[in-house]
file input_30.pdb (PDB, C-alpha atoms)
ATOM      1  CA  MET A 909     -17.363 -17.239  10.610
ATOM      2  CA  THR A 910     -19.636 -14.736   8.918
ATOM      3  CA  ILE A 911     -19.882 -11.088   9.842
ATOM      4  CA  LYS A 912     -22.788  -8.868   8.874
ATOM      5  CA  THR A 913     -22.816  -5.153   9.495
ATOM      6  CA  ARG A 914     -25.636  -2.821  10.433
ATOM      7  CA  ILE A 915     -23.763   0.248   9.179
ATOM      8  CA  ALA A 916     -26.300   1.165   6.448
ATOM      9  CA  GLU A 917     -29.189   0.522   8.817
ATOM     10  CA  LEU A 918     -27.678   2.767  11.516
ATOM     11  CA  ARG A 919     -26.555   5.443   9.059
ATOM     12  CA  LYS A 920     -29.902   6.113   7.381
ATOM     13  CA  PRO A 921     -32.029   7.288  10.370
ATOM     14  CA  ILE A 922     -29.409   9.898  11.342
ATOM     15  CA  LYS A 923     -29.023  10.952   7.676
ATOM     16  CA  VAL A 924     -25.298  10.334   7.455
ATOM     17  CA  THR A 925     -23.996   9.638   3.962
ATOM     18  CA  GLN A 926     -21.319   7.074   3.208
ATOM     19  CA  ALA A 927     -18.918   9.924   2.372
ATOM     20  CA  GLU A 928     -19.597  11.695   5.694
ATOM     21  CA  LEU A 929     -19.050   8.503   7.671
ATOM     22  CA  ALA A 930     -15.881   7.792   5.681
ATOM     23  CA  ASP A 931     -14.517  11.280   6.420
ATOM     24  CA  ALA A 932     -15.353  10.979  10.105
ATOM     25  CA  ILE A 933     -13.424   7.747  10.568
ATOM     26  CA  ASP A 934     -10.594   8.502   8.094
ATOM     27  CA  VAL A 935     -11.283   5.839   5.488
ATOM     28  CA  THR A 936     -12.321   6.004   1.831
ATOM     29  CA  ARG A 937     -15.971   5.874   0.785
ATOM     30  CA  GLN A 938     -15.145   2.669  -1.083
ATOM     31  CA  THR A 939     -14.275   1.026   2.230
ATOM     32  CA  ILE A 940     -17.685   1.946   3.666
ATOM     33  CA  ILE A 941     -19.391   0.553   0.545
ATOM     34  CA  SER A 942     -17.386  -2.690   0.826
ATOM     35  CA  LEU A 943     -18.205  -2.985   4.533
ATOM     36  CA  GLU A 944     -21.907  -2.417   3.926
ATOM     37  CA  THR A 945     -22.053  -4.977   1.125
ATOM     38  CA  GLY A 946     -20.045  -7.497   3.158
ATOM     39  CA  ARG A 947     -17.187  -7.680   0.683
ATOM     40  CA  TYR A 948     -14.689  -6.502   3.288
ATOM     41  CA  ILE A 949     -14.407  -7.225   7.016
ATOM     42  CA  ALA A 950     -13.187  -4.357   9.188
ATOM     43  CA  SER A 951     -10.189  -4.682  11.468
ATOM     44  CA  LEU A 952     -10.770  -4.402  15.206
ATOM     45  CA  PRO A 953      -9.596  -0.724  15.406
ATOM     46  CA  LEU A 954     -11.845   0.232  12.475
ATOM     47  CA  ALA A 955     -14.785  -1.688  13.927
ATOM     48  CA  TYR A 956     -14.230   0.202  17.196
ATOM     49  CA  LYS A 957     -14.135   3.560  15.368
ATOM     50  CA  ILE A 958     -17.380   2.793  13.533
ATOM     51  CA  ALA A 959     -19.120   1.614  16.679
ATOM     52  CA  LYS A 960     -17.935   4.722  18.513
ATOM     53  CA  PHE A 961     -19.244   6.942  15.708
ATOM     54  CA  PHE A 962     -22.750   5.507  16.179
ATOM     55  CA  GLY A 963     -22.454   5.452  19.975
ATOM     56  CA  LYS A 964     -22.867   1.666  20.033
ATOM     57  CA  THR A 965     -20.783  -1.360  20.962
ATOM     58  CA  ILE A 966     -18.981  -3.418  18.297
ATOM     59  CA  GLU A 967     -21.480  -6.274  18.785
ATOM     60  CA  GLU A 968     -24.371  -3.894  18.091
ATOM     61  CA  VAL A 969     -22.875  -2.835  14.742
ATOM     62  CA  PHE A 970     -21.277  -6.095  13.626
ATOM     63  CA  ILE A 971     -23.253  -9.309  13.859
ATOM     64  CA  PHE A 972     -21.068 -12.379  14.210
ATOM     65  CA  GLY A 973     -22.374 -15.721  12.999
ATOM     66  CA  GLU A 974     -21.011 -19.246  12.720
ATOM     67  CA  ASP A 975     -20.678 -20.938   9.335
ATOM     68  CA  GLU A 976     -22.957 -23.954   8.929
TER      69      GLU A 976
ATOM     70  CA  MET B1157      -0.814   6.826  11.668
ATOM     71  CA  THR B1158      -1.499  10.366  12.866
ATOM     72  CA  GLU B1159      -1.473  13.379  10.559
ATOM     73  CA  GLN B1160       1.721  14.649  12.203
ATOM     74  CA  LYS B1161       3.468  11.393  11.366
ATOM     75  CA  PHE B1162       2.118  11.633   7.823
ATOM     76  CA  ILE B1163       3.574  15.153   7.432
ATOM     77  CA  LYS B1164       6.918  13.818   8.691
ATOM     78  CA  LYS B1165       6.679  10.987   6.145
ATOM     79  CA  ILE B1166       5.999  13.529   3.358
ATOM     80  CA  LYS B1167       9.086  15.538   4.357
ATOM     81  CA  ILE B1168      11.229  12.368   4.353
ATOM     82  CA  ARG B1169       9.878  11.511   0.900
ATOM     83  CA  ILE B1170      10.860  14.970  -0.412
ATOM     84  CA  ILE B1171      14.429  14.467   0.831
ATOM     85  CA  PHE B1172      14.464  10.938  -0.584
ATOM     86  CA  SER B1173      13.210  12.165  -3.985
ATOM     87  CA  ALA B1174      16.028  14.740  -4.076
ATOM     88  CA  LEU B1175      18.516  11.912  -3.403
ATOM     89  CA  ILE B1176      16.984   9.837  -6.208
ATOM     90  CA  MET B1177      17.377  12.788  -8.592
ATOM     91  CA  LEU B1178      20.998  13.230  -7.451
ATOM     92  CA  ALA B1179      21.634   9.537  -8.139
ATOM     93  CA  GLY B1180      20.223  10.084 -11.644
ATOM     94  CA  VAL B1181      22.589  13.013 -12.231
ATOM     95  CA  ALA B1182      25.517  10.999 -10.830
ATOM     96  CA  ILE B1183      24.820   8.169 -13.302
ATOM     97  CA  LEU B1184      24.781  10.695 -16.159
ATOM     98  CA  LEU B1185      28.176  12.028 -15.015
ATOM     99  CA  LEU B1186      29.855   8.597 -14.889
ATOM    100  CA  PRO B1187      32.785   8.174 -17.338
ATOM    101  CA  LYS B1188      31.580   6.905 -20.713
ATOM    102  CA  GLU B1189      34.833   5.818 -22.424
ATOM    103  CA  ASN B1190      34.856   2.365 -24.062
ATOM    104  CA  LEU B1191      31.260   1.709 -23.128
ATOM    105  CA  ALA B1192      29.121  -0.658 -25.198
ATOM    106  CA  ASP B1193      26.041   0.934 -26.815
ATOM    107  CA  LEU B1194      23.754  -1.293 -24.809
ATOM    108  CA  VAL B1195      25.317  -0.313 -21.467
ATOM    109  CA  SER B1196      25.350   3.353 -22.430
ATOM    110  CA  GLY B1197      21.662   3.202 -23.405
ATOM    111  CA  TYR B1198      20.848   1.371 -20.195
ATOM    112  CA  ARG B1199      22.616   4.067 -18.164
ATOM    113  CA  TYR B1200      20.677   6.850 -19.897
ATOM    114  CA  GLY B1201      17.461   4.928 -19.326
ATOM    115  CA  VAL B1202      18.138   4.402 -15.608
ATOM    116  CA  ALA B1203      19.268   8.028 -15.150
ATOM    117  CA  GLY B1204      16.184   9.340 -16.954
ATOM    118  CA  GLY B1205      13.947   7.057 -14.944
ATOM    119  CA  LEU B1206      15.484   8.148 -11.635
ATOM    120  CA  LEU B1207      15.249  11.845 -12.561
ATOM    121  CA  GLY B1208      11.643  11.478 -13.692
ATOM    122  CA  ALA B1209      10.535   9.404 -10.709
ATOM    123  CA  GLY B1210      12.367  11.685  -8.252
ATOM    124  CA  PHE B1211      10.894  14.818  -9.793
ATOM    125  CA  ALA B1212       7.337  13.430  -9.840
ATOM    126  CA  THR B1213       7.619  12.242  -6.218
ATOM    127  CA  MET B1214       9.006  15.602  -5.138
ATOM    128  CA  VAL B1215       6.296  17.662  -6.884
ATOM    129  CA  ASN B1216       3.516  15.427  -5.517
ATOM    130  CA  ASN B1217       4.799  15.562  -1.959
ATOM    131  CA  ILE B1218       5.405  19.315  -2.010
ATOM    132  CA  MET B1219       1.785  19.654  -3.141
ATOM    133  CA  PHE B1220       0.627  17.449  -0.240
ATOM    134  CA  LEU B1221       2.647  19.526   2.181
ATOM    135  CA  LYS B1222       1.295  22.876   0.975
ATOM    136  CA  ASN B1223      -2.357  22.046   0.335
ATOM    137  CA  GLU B1224      -4.177  20.809   3.429
ATOM    138  CA  LYS B1225      -7.248  19.579   1.537
ATOM    139  CA  ILE B1226      -5.230  17.443  -0.890
ATOM    140  CA  ARG B1227      -3.056  16.231   2.009
ATOM    141  CA  GLN B1228      -6.130  15.081   3.951
ATOM    142  CA  LYS B1229      -7.395  13.156   0.906
ATOM    143  CA  GLU B1230      -3.997  11.570   0.370
ATOM    144  CA  PHE B1231      -3.708  10.724   4.073
ATOM    145  CA  ILE B1232      -6.989   8.819   3.926
ATOM    146  CA  LYS B1233      -6.030   7.163   0.631
ATOM    147  CA  GLN B1234      -2.680   5.982   1.961
ATOM    148  CA  THR B1235      -3.799   4.911   5.426
ATOM    149  CA  ASP B1236      -7.105   3.305   4.454
ATOM    150  CA  GLU B1237      -6.808  -0.283   5.720
ATOM    151  CA  ARG B1238      -8.716  -1.729   2.739
ATOM    152  CA  ASN B1239      -6.327  -0.019   0.302
ATOM    153  CA  ILE B1240      -3.355  -1.366   2.267
ATOM    154  CA  LEU B1241      -4.825  -4.885   2.219
ATOM    155  CA  ILE B1242      -5.501  -4.692  -1.541
ATOM    156  CA  SER B1243      -1.933  -3.526  -2.123
ATOM    157  CA  GLU B1244      -0.512  -6.364   0.011
ATOM    158  CA  LYS B1245      -2.663  -8.969  -1.756
ATOM    159  CA  ALA B1246      -1.649  -7.613  -5.171
ATOM    160  CA  LEU B1247       2.009  -7.762  -4.151
ATOM    161  CA  ARG B1248       1.631 -11.324  -2.916
ATOM    162  CA  LEU B1249      -0.101 -12.372  -6.122
ATOM    163  CA  SER B1250       2.454 -10.703  -8.387
ATOM    164  CA  TRP B1251       5.279 -12.314  -6.380
ATOM    165  CA  LEU B1252       3.688 -15.736  -6.787
ATOM    166  CA  ILE B1253       3.226 -15.210 -10.550
ATOM    167  CA  THR B1254       6.862 -14.073 -10.879
ATOM    168  CA  LEU B1255       8.028 -17.094  -8.890
ATOM    169  CA  LEU B1256       5.948 -19.414 -11.042
ATOM    170  CA  LEU B1257       7.347 -17.918 -14.256
ATOM    171  CA  LEU B1258      10.887 -18.110 -12.858
ATOM    172  CA  GLY B1259      10.317 -21.767 -12.117
ATOM    173  CA  ILE B1260       8.671 -22.688 -15.429
ATOM    174  CA  THR B1261      10.849 -20.721 -17.881
ATOM    175  CA  PRO B1262      14.106 -22.670 -17.185
ATOM    176  CA  LEU B1263      12.339 -25.854 -18.340
ATOM    177  CA  PHE B1264      12.301 -24.467 -21.879
ATOM    178  CA  ALA B1265      15.342 -22.179 -21.837
ATOM    179  CA  PRO B1266      19.030 -22.928 -22.556
ATOM    180  CA  VAL B1267      21.215 -23.557 -19.492
ATOM    181  CA  GLU B1268      22.956 -20.137 -19.694
ATOM    182  CA  ALA B1269      19.574 -18.389 -19.540
ATOM    183  CA  ALA B1270      18.147 -20.748 -16.928
ATOM    184  CA  GLN B1271      20.899 -20.223 -14.348
ATOM    185  CA  PRO B1272      20.228 -16.516 -13.611
ATOM    186  CA  LEU B1273      16.482 -17.177 -13.456
ATOM    187  CA  LEU B1274      16.931 -19.980 -10.938
ATOM    188  CA  CYS B1275      19.353 -17.786  -9.009
ATOM    189  CA  ILE B1276      16.748 -14.977  -8.810
ATOM    190  CA  MET B1277      14.149 -17.544  -7.739
ATOM    191  CA  GLY B1278      16.442 -18.785  -5.004
ATOM    192  CA  ILE B1279      17.122 -15.251  -3.776
ATOM    193  CA  SER B1280      13.383 -14.446  -3.635
ATOM    194  CA  VAL B1281      12.553 -17.589  -1.688
ATOM    195  CA  PHE B1282      15.490 -17.029   0.660
ATOM    196  CA  SER B1283      14.576 -13.363   1.254
ATOM    197  CA  TYR B1284      10.973 -14.447   1.935
ATOM    198  CA  ALA B1285      12.220 -16.915   4.546
ATOM    199  CA  VAL B1286      14.408 -14.236   6.170
ATOM    200  CA  ALA B1287      11.588 -11.662   6.146
ATOM    201  CA  TYR B1288       9.188 -14.255   7.620
ATOM    202  CA  TRP B1289      11.661 -15.103  10.373
ATOM    203  CA  ILE B1290      12.226 -11.417  11.262
ATOM    204  CA  LEU B1291       8.510 -10.588  11.246
ATOM    205  CA  GLN B1292       7.747 -13.672  13.336
ATOM    206  CA  LYS B1293      10.091 -12.344  16.039
ATOM    207  CA  LYS B1294       8.512  -8.884  15.904
ATOM    208  CA  MET B1295       4.825  -9.816  15.948
TER     209      MET B1295
END
call {"tool": "encode", "arguments": {"input": "input_30.pdb", "output": "structure tokens"}}
result
Amino acid sequence: MTIKTRIAELRKPIKVTQAELADAIDVTRQTIISLETGRYIASLPLAYKIAKFFGKTIEEVFIFGEDE
Amino acid sequence: MTEQKFIKKIKIRIIFSALIMLAGVAILLLPKENLADLVSGYRYGVAGGLLGAGFATMVNNIMFLKNEKIRQKEFIKQTDERNILISEKALRLSWLITLLLLGITPLFAPVEAAQPLLCIMGISVFSYAVAYWILQKKM
């Protein structure tokens, strides 16, 4: 299963930096960078926190796809 | 983990660091008569290590307790799920490397040296099995 995130895409229009998002959800900036680049997959509680921050559902922030 | 729980954890660590320092002092006060140089040196090394580690832990945690900004940073650093995952993966990898070395070294070592290594290997595998069994019941 592949998971892509729309964190960077959602962050830019509301002018939230990676550091600000990281502070708001109590994680390091490195975690946000890793999530945005797809190197790290968030846990369910973290995914929920991120989705809540943007006022979206988890499915709207994280795009789930099947491996071919 | 909430910040309140983190503060509680810091306080426990301060007490624990004081106990570590006390253990260091206790080792220094042990009787030294008829002690081989190697054992005596080892004792000083362990005592120094315990005192140093205890002191550093205590100073760090007192700083976290007093300074809210540093505490917040440390809270994020210690509770960040990616950091925790990295730490767990590093532990797993280092354990596997140690196990591999413990298994390979006896092939080239004399029997007297091989026995303790194989014993340590056995203990690690056994403790893994016990830990797995306990965690399986809990999760």
call {"tool": "closest_residue", "arguments": {"input": "input_30.pdb", "among": "B:Ala1179, B:Leu1186, B:Leu1206, B:Ile1232", "to": "A:Val935", "atoms": "all atoms listed in the file"}}
result
B:Ile1232
call {"tool": "residues_near_point", "arguments": {"input": "input_30.pdb", "point": "(-11.3, -3.0, 13.5)", "cutoff": "12 Å", "atoms": "only C-alpha atoms", "output": "list in words"}}
result
Ile933, Val935, Leu943, Tyr948, Ile949, Ala950, Ser951, Leu952, Pro953, Leu954, Ala955, Tyr956, Lys957, Ile958, Ala959, Lys960, Ile966, Glu967, Val969 and Phe970 of chain A; Asp1236, Glu1237 and Arg1238 of chain B
call {"tool": "closest_atom_pairs", "arguments": {"input": "input_30.pdb", "of": "chain B", "to": "chain A", "cutoff": "12 Å", "atoms": "all atoms listed in the file", "output": "JSON lines"}}
result
{"residue": "B:Met1157", "atom": "CA", "partner": "A:Asp934", "partner_atom": "CA", "distance": 10.5}
{"residue": "B:Thr1158", "atom": "CA", "partner": "A:Asp934", "partner_atom": "CA", "distance": 10.4}
{"residue": "B:Glu1159", "atom": "CA", "partner": "A:Asp934", "partner_atom": "CA", "distance": 10.6}
{"residue": "B:Gln1228", "atom": "CA", "partner": "A:Asp934", "partner_atom": "CA", "distance": 9.0}
{"residue": "B:Lys1229", "atom": "CA", "partner": "A:Thr936", "partner_atom": "CA", "distance": 8.7}
{"residue": "B:Glu1230", "atom": "CA", "partner": "A:Thr936", "partner_atom": "CA", "distance": 10.1}
{"residue": "B:Phe1231", "atom": "CA", "partner": "A:Asp934", "partner_atom": "CA", "distance": 8.3}
{"residue": "B:Ile1232", "atom": "CA", "partner": "A:Val935", "partner_atom": "CA", "distance": 5.5}
{"residue": "B:Lys1233", "atom": "CA", "partner": "A:Thr936", "partner_atom": "CA", "distance": 6.5}
{"residue": "B:Gln1234", "atom": "CA", "partner": "A:Val935", "partner_atom": "CA", "distance": 9.3}
{"residue": "B:Thr1235", "atom": "CA", "partner": "A:Val935", "partner_atom": "CA", "distance": 7.5}
{"residue": "B:Asp1236", "atom": "CA", "partner": "A:Val935", "partner_atom": "CA", "distance": 5.0}
{"residue": "B:Glu1237", "atom": "CA", "partner": "A:Val935", "partner_atom": "CA", "distance": 7.6}
{"residue": "B:Arg1238", "atom": "CA", "partner": "A:Thr939", "partner_atom": "CA", "distance": 6.2}
{"residue": "B:Asn1239", "atom": "CA", "partner": "A:Thr939", "partner_atom": "CA", "distance": 8.2}
{"residue": "B:Ile1240", "atom": "CA", "partner": "A:Thr939", "partner_atom": "CA", "distance": 11.2}
{"residue": "B:Leu1241", "atom": "CA", "partner": "A:Tyr948", "partner_atom": "CA", "distance": 10.1}
{"residue": "B:Ile1242", "atom": "CA", "partner": "A:Tyr948", "partner_atom": "CA", "distance": 10.5}
call {"tool": "resolve_selection", "arguments": {"input": "input_30.pdb", "expression": "the PyMOL selection byres ((chain B and resi 1170) around 12)", "output": "JSON, numbers by chain"}}
result
{"B": [1163, 1164, 1165, 1166, 1167, 1168, 1169, 1171, 1172, 1173, 1174, 1175, 1176, 1177, 1209, 1210, 1211, 1212, 1213, 1214, 1215, 1216, 1217, 1218, 1219, 1220, 1221]}
call {"tool": "atom_distance", "arguments": {"input": "input_30.pdb", "atom1": "atom CA of B:Val1202", "atom2": "atom CA of B:Val1181"}}
result
10.3 Å
call {"tool": "atom_distance", "arguments": {"input": "input_30.pdb", "atom1": "atom CA of A:Thr913", "atom2": "atom CA of A:Glu968"}}
result
8.8 Å
call {"tool": "atom_distance", "arguments": {"input": "input_30.pdb", "atom1": "atom CA of B:Leu1263", "atom2": "atom CA of B:Val1286"}}
result
27.2 Å
call {"tool": "axis_aligned_box", "arguments": {"input": "input_30.pdb", "around": "stretch 1249-1261 of chain B", "padding_each_side": "8 Å", "output": "AutoDock Vina command-line options"}}
result
--center_x 5.4 --center_y -16.7 --center_z -12.0 --size_x 27.0 --size_y 28.0 --size_z 27.8
call {"tool": "resolve_selection", "arguments": {"input": "input_30.pdb", "expression": "the PyMOL selection byres ((chain A and resi 917) around 12)", "output": "PyMOL selection string"}}
result
chain A and resi 912-916+918-926+944-945+962+968-970
call {"tool": "residues_around", "arguments": {"input": "input_30.pdb", "residues": "B:Arg1199", "least_positions_apart": "4", "cutoff": "9 Å", "atoms": "all atoms listed in the file", "output": "ChimeraX atom specification"}}
result
/B:1183-1184,1194-1195,1203-1204
call {"tool": "write_last_selection", "arguments": {"input": "input_30.pdb", "atoms": "C-alpha atoms", "output": "PDB file, in the coordinates of the input"}}
result
ATOM      1  CA  ILE B1183      24.820   8.169 -13.302  1.00  0.00           C
ATOM      2  CA  LEU B1184      24.781  10.695 -16.159  1.00  0.00           C
ATOM      3  CA  LEU B1194      23.754  -1.293 -24.809  1.00  0.00           C
ATOM      4  CA  VAL B1195      25.317  -0.313 -21.467  1.00  0.00           C
ATOM      5  CA  ALA B1203      19.268   8.028 -15.150  1.00  0.00           C
ATOM      6  CA  GLY B1204      16.184   9.340 -16.954  1.00  0.00           C
TER       7      GLY B1204
END
call {"tool": "resolve_selection", "arguments": {"input": "input_30.pdb", "expression": "the PyMOL selection byres ((chain A and resi 910) around 7)", "output": "PyMOL selection string"}}
result
chain A and resi 909+911-912+972-975
call {"tool": "build_atoms", "arguments": {"input": "input_30.pdb", "residues": "stretch 1233-1245 of chain B", "atoms": "N, CA, C and O atoms", "output": "JSON list (two decimals), in the coordinates of the input"}}
result
[["chain", "number", "residue", "atom", "x", "y", "z"],
["B", 1233, "LYS", "N", -6.31, 8.14, 1.69],
["B", 1233, "LYS", "CA", -6.03, 7.16, 0.63],
["B", 1233, "LYS", "C", -4.88, 6.21, 1.02],
["B", 1233, "LYS", "O", -4.94, 5.02, 0.79],
["B", 1234, "GLN", "N", -3.85, 6.80, 1.64],
["B", 1234, "GLN", "CA", -2.68, 5.98, 1.96],
["B", 1234, "GLN", "C", -2.82, 5.17, 3.25],
["B", 1234, "GLN", "O", -2.13, 4.18, 3.43],
["B", 1235, "THR", "N", -3.68, 5.62, 4.15],
["B", 1235, "THR", "CA", -3.80, 4.91, 5.43],
["B", 1235, "THR", "C", -5.05, 4.03, 5.49],
["B", 1235, "THR", "O", -5.23, 3.30, 6.46],
["B", 1236, "ASP", "N", -5.90, 4.12, 4.48],
["B", 1236, "ASP", "CA", -7.10, 3.30, 4.45],
["B", 1236, "ASP", "C", -6.73, 1.83, 4.49],
["B", 1236, "ASP", "O", -5.97, 1.34, 3.65],
["B", 1237, "GLU", "N", -7.25, 1.11, 5.52],
["B", 1237, "GLU", "CA", -6.81, -0.28, 5.72],
["B", 1237, "GLU", "C", -7.19, -1.19, 4.56],
["B", 1237, "GLU", "O", -6.48, -2.15, 4.26],
["B", 1238, "ARG", "N", -8.32, -0.90, 3.88],
["B", 1238, "ARG", "CA", -8.72, -1.73, 2.74],
["B", 1238, "ARG", "C", -7.72, -1.55, 1.59],
["B", 1238, "ARG", "O", -7.33, -2.52, 0.94],
["B", 1239, "ASN", "N", -7.32, -0.29, 1.35],
["B", 1239, "ASN", "CA", -6.33, -0.02, 0.30],
["B", 1239, "ASN", "C", -5.01, -0.74, 0.60],
["B", 1239, "ASN", "O", -4.39, -1.30, -0.30],
["B", 1240, "ILE", "N", -4.60, -0.71, 1.87],
["B", 1240, "ILE", "CA", -3.36, -1.37, 2.27],
["B", 1240, "ILE", "C", -3.46, -2.87, 2.03],
["B", 1240, "ILE", "O", -2.55, -3.50, 1.49],
["B", 1241, "LEU", "N", -4.61, -3.44, 2.40],
["B", 1241, "LEU", "CA", -4.82, -4.88, 2.22],
["B", 1241, "LEU", "C", -4.80, -5.25, 0.73],
["B", 1241, "LEU", "O", -4.19, -6.26, 0.35],
["B", 1242, "ILE", "N", -5.47, -4.43, -0.10],
["B", 1242, "ILE", "CA", -5.50, -4.69, -1.54],
["B", 1242, "ILE", "C", -4.07, -4.67, -2.09],
["B", 1242, "ILE", "O", -3.67, -5.55, -2.84],
["B", 1243, "SER", "N", -3.31, -3.65, -1.67],
["B", 1243, "SER", "CA", -1.93, -3.53, -2.12],
["B", 1243, "SER", "C", -1.10, -4.75, -1.71],
["B", 1243, "SER", "O", -0.32, -5.28, -2.51],
["B", 1244, "GLU", "N", -1.27, -5.20, -0.46],
["B", 1244, "GLU", "CA", -0.51, -6.36, 0.01],
["B", 1244, "GLU", "C", -0.90, -7.63, -0.75],
["B", 1244, "GLU", "O", -0.04, -8.43, -1.11],
["B", 1245, "LYS", "N", -2.20, -7.78, -1.02],
["B", 1245, "LYS", "CA", -2.66, -8.97, -1.76],
["B", 1245, "LYS", "C", -2.14, -8.94, -3.18],
["B", 1245, "LYS", "O", -1.75, -9.98, -3.72]]
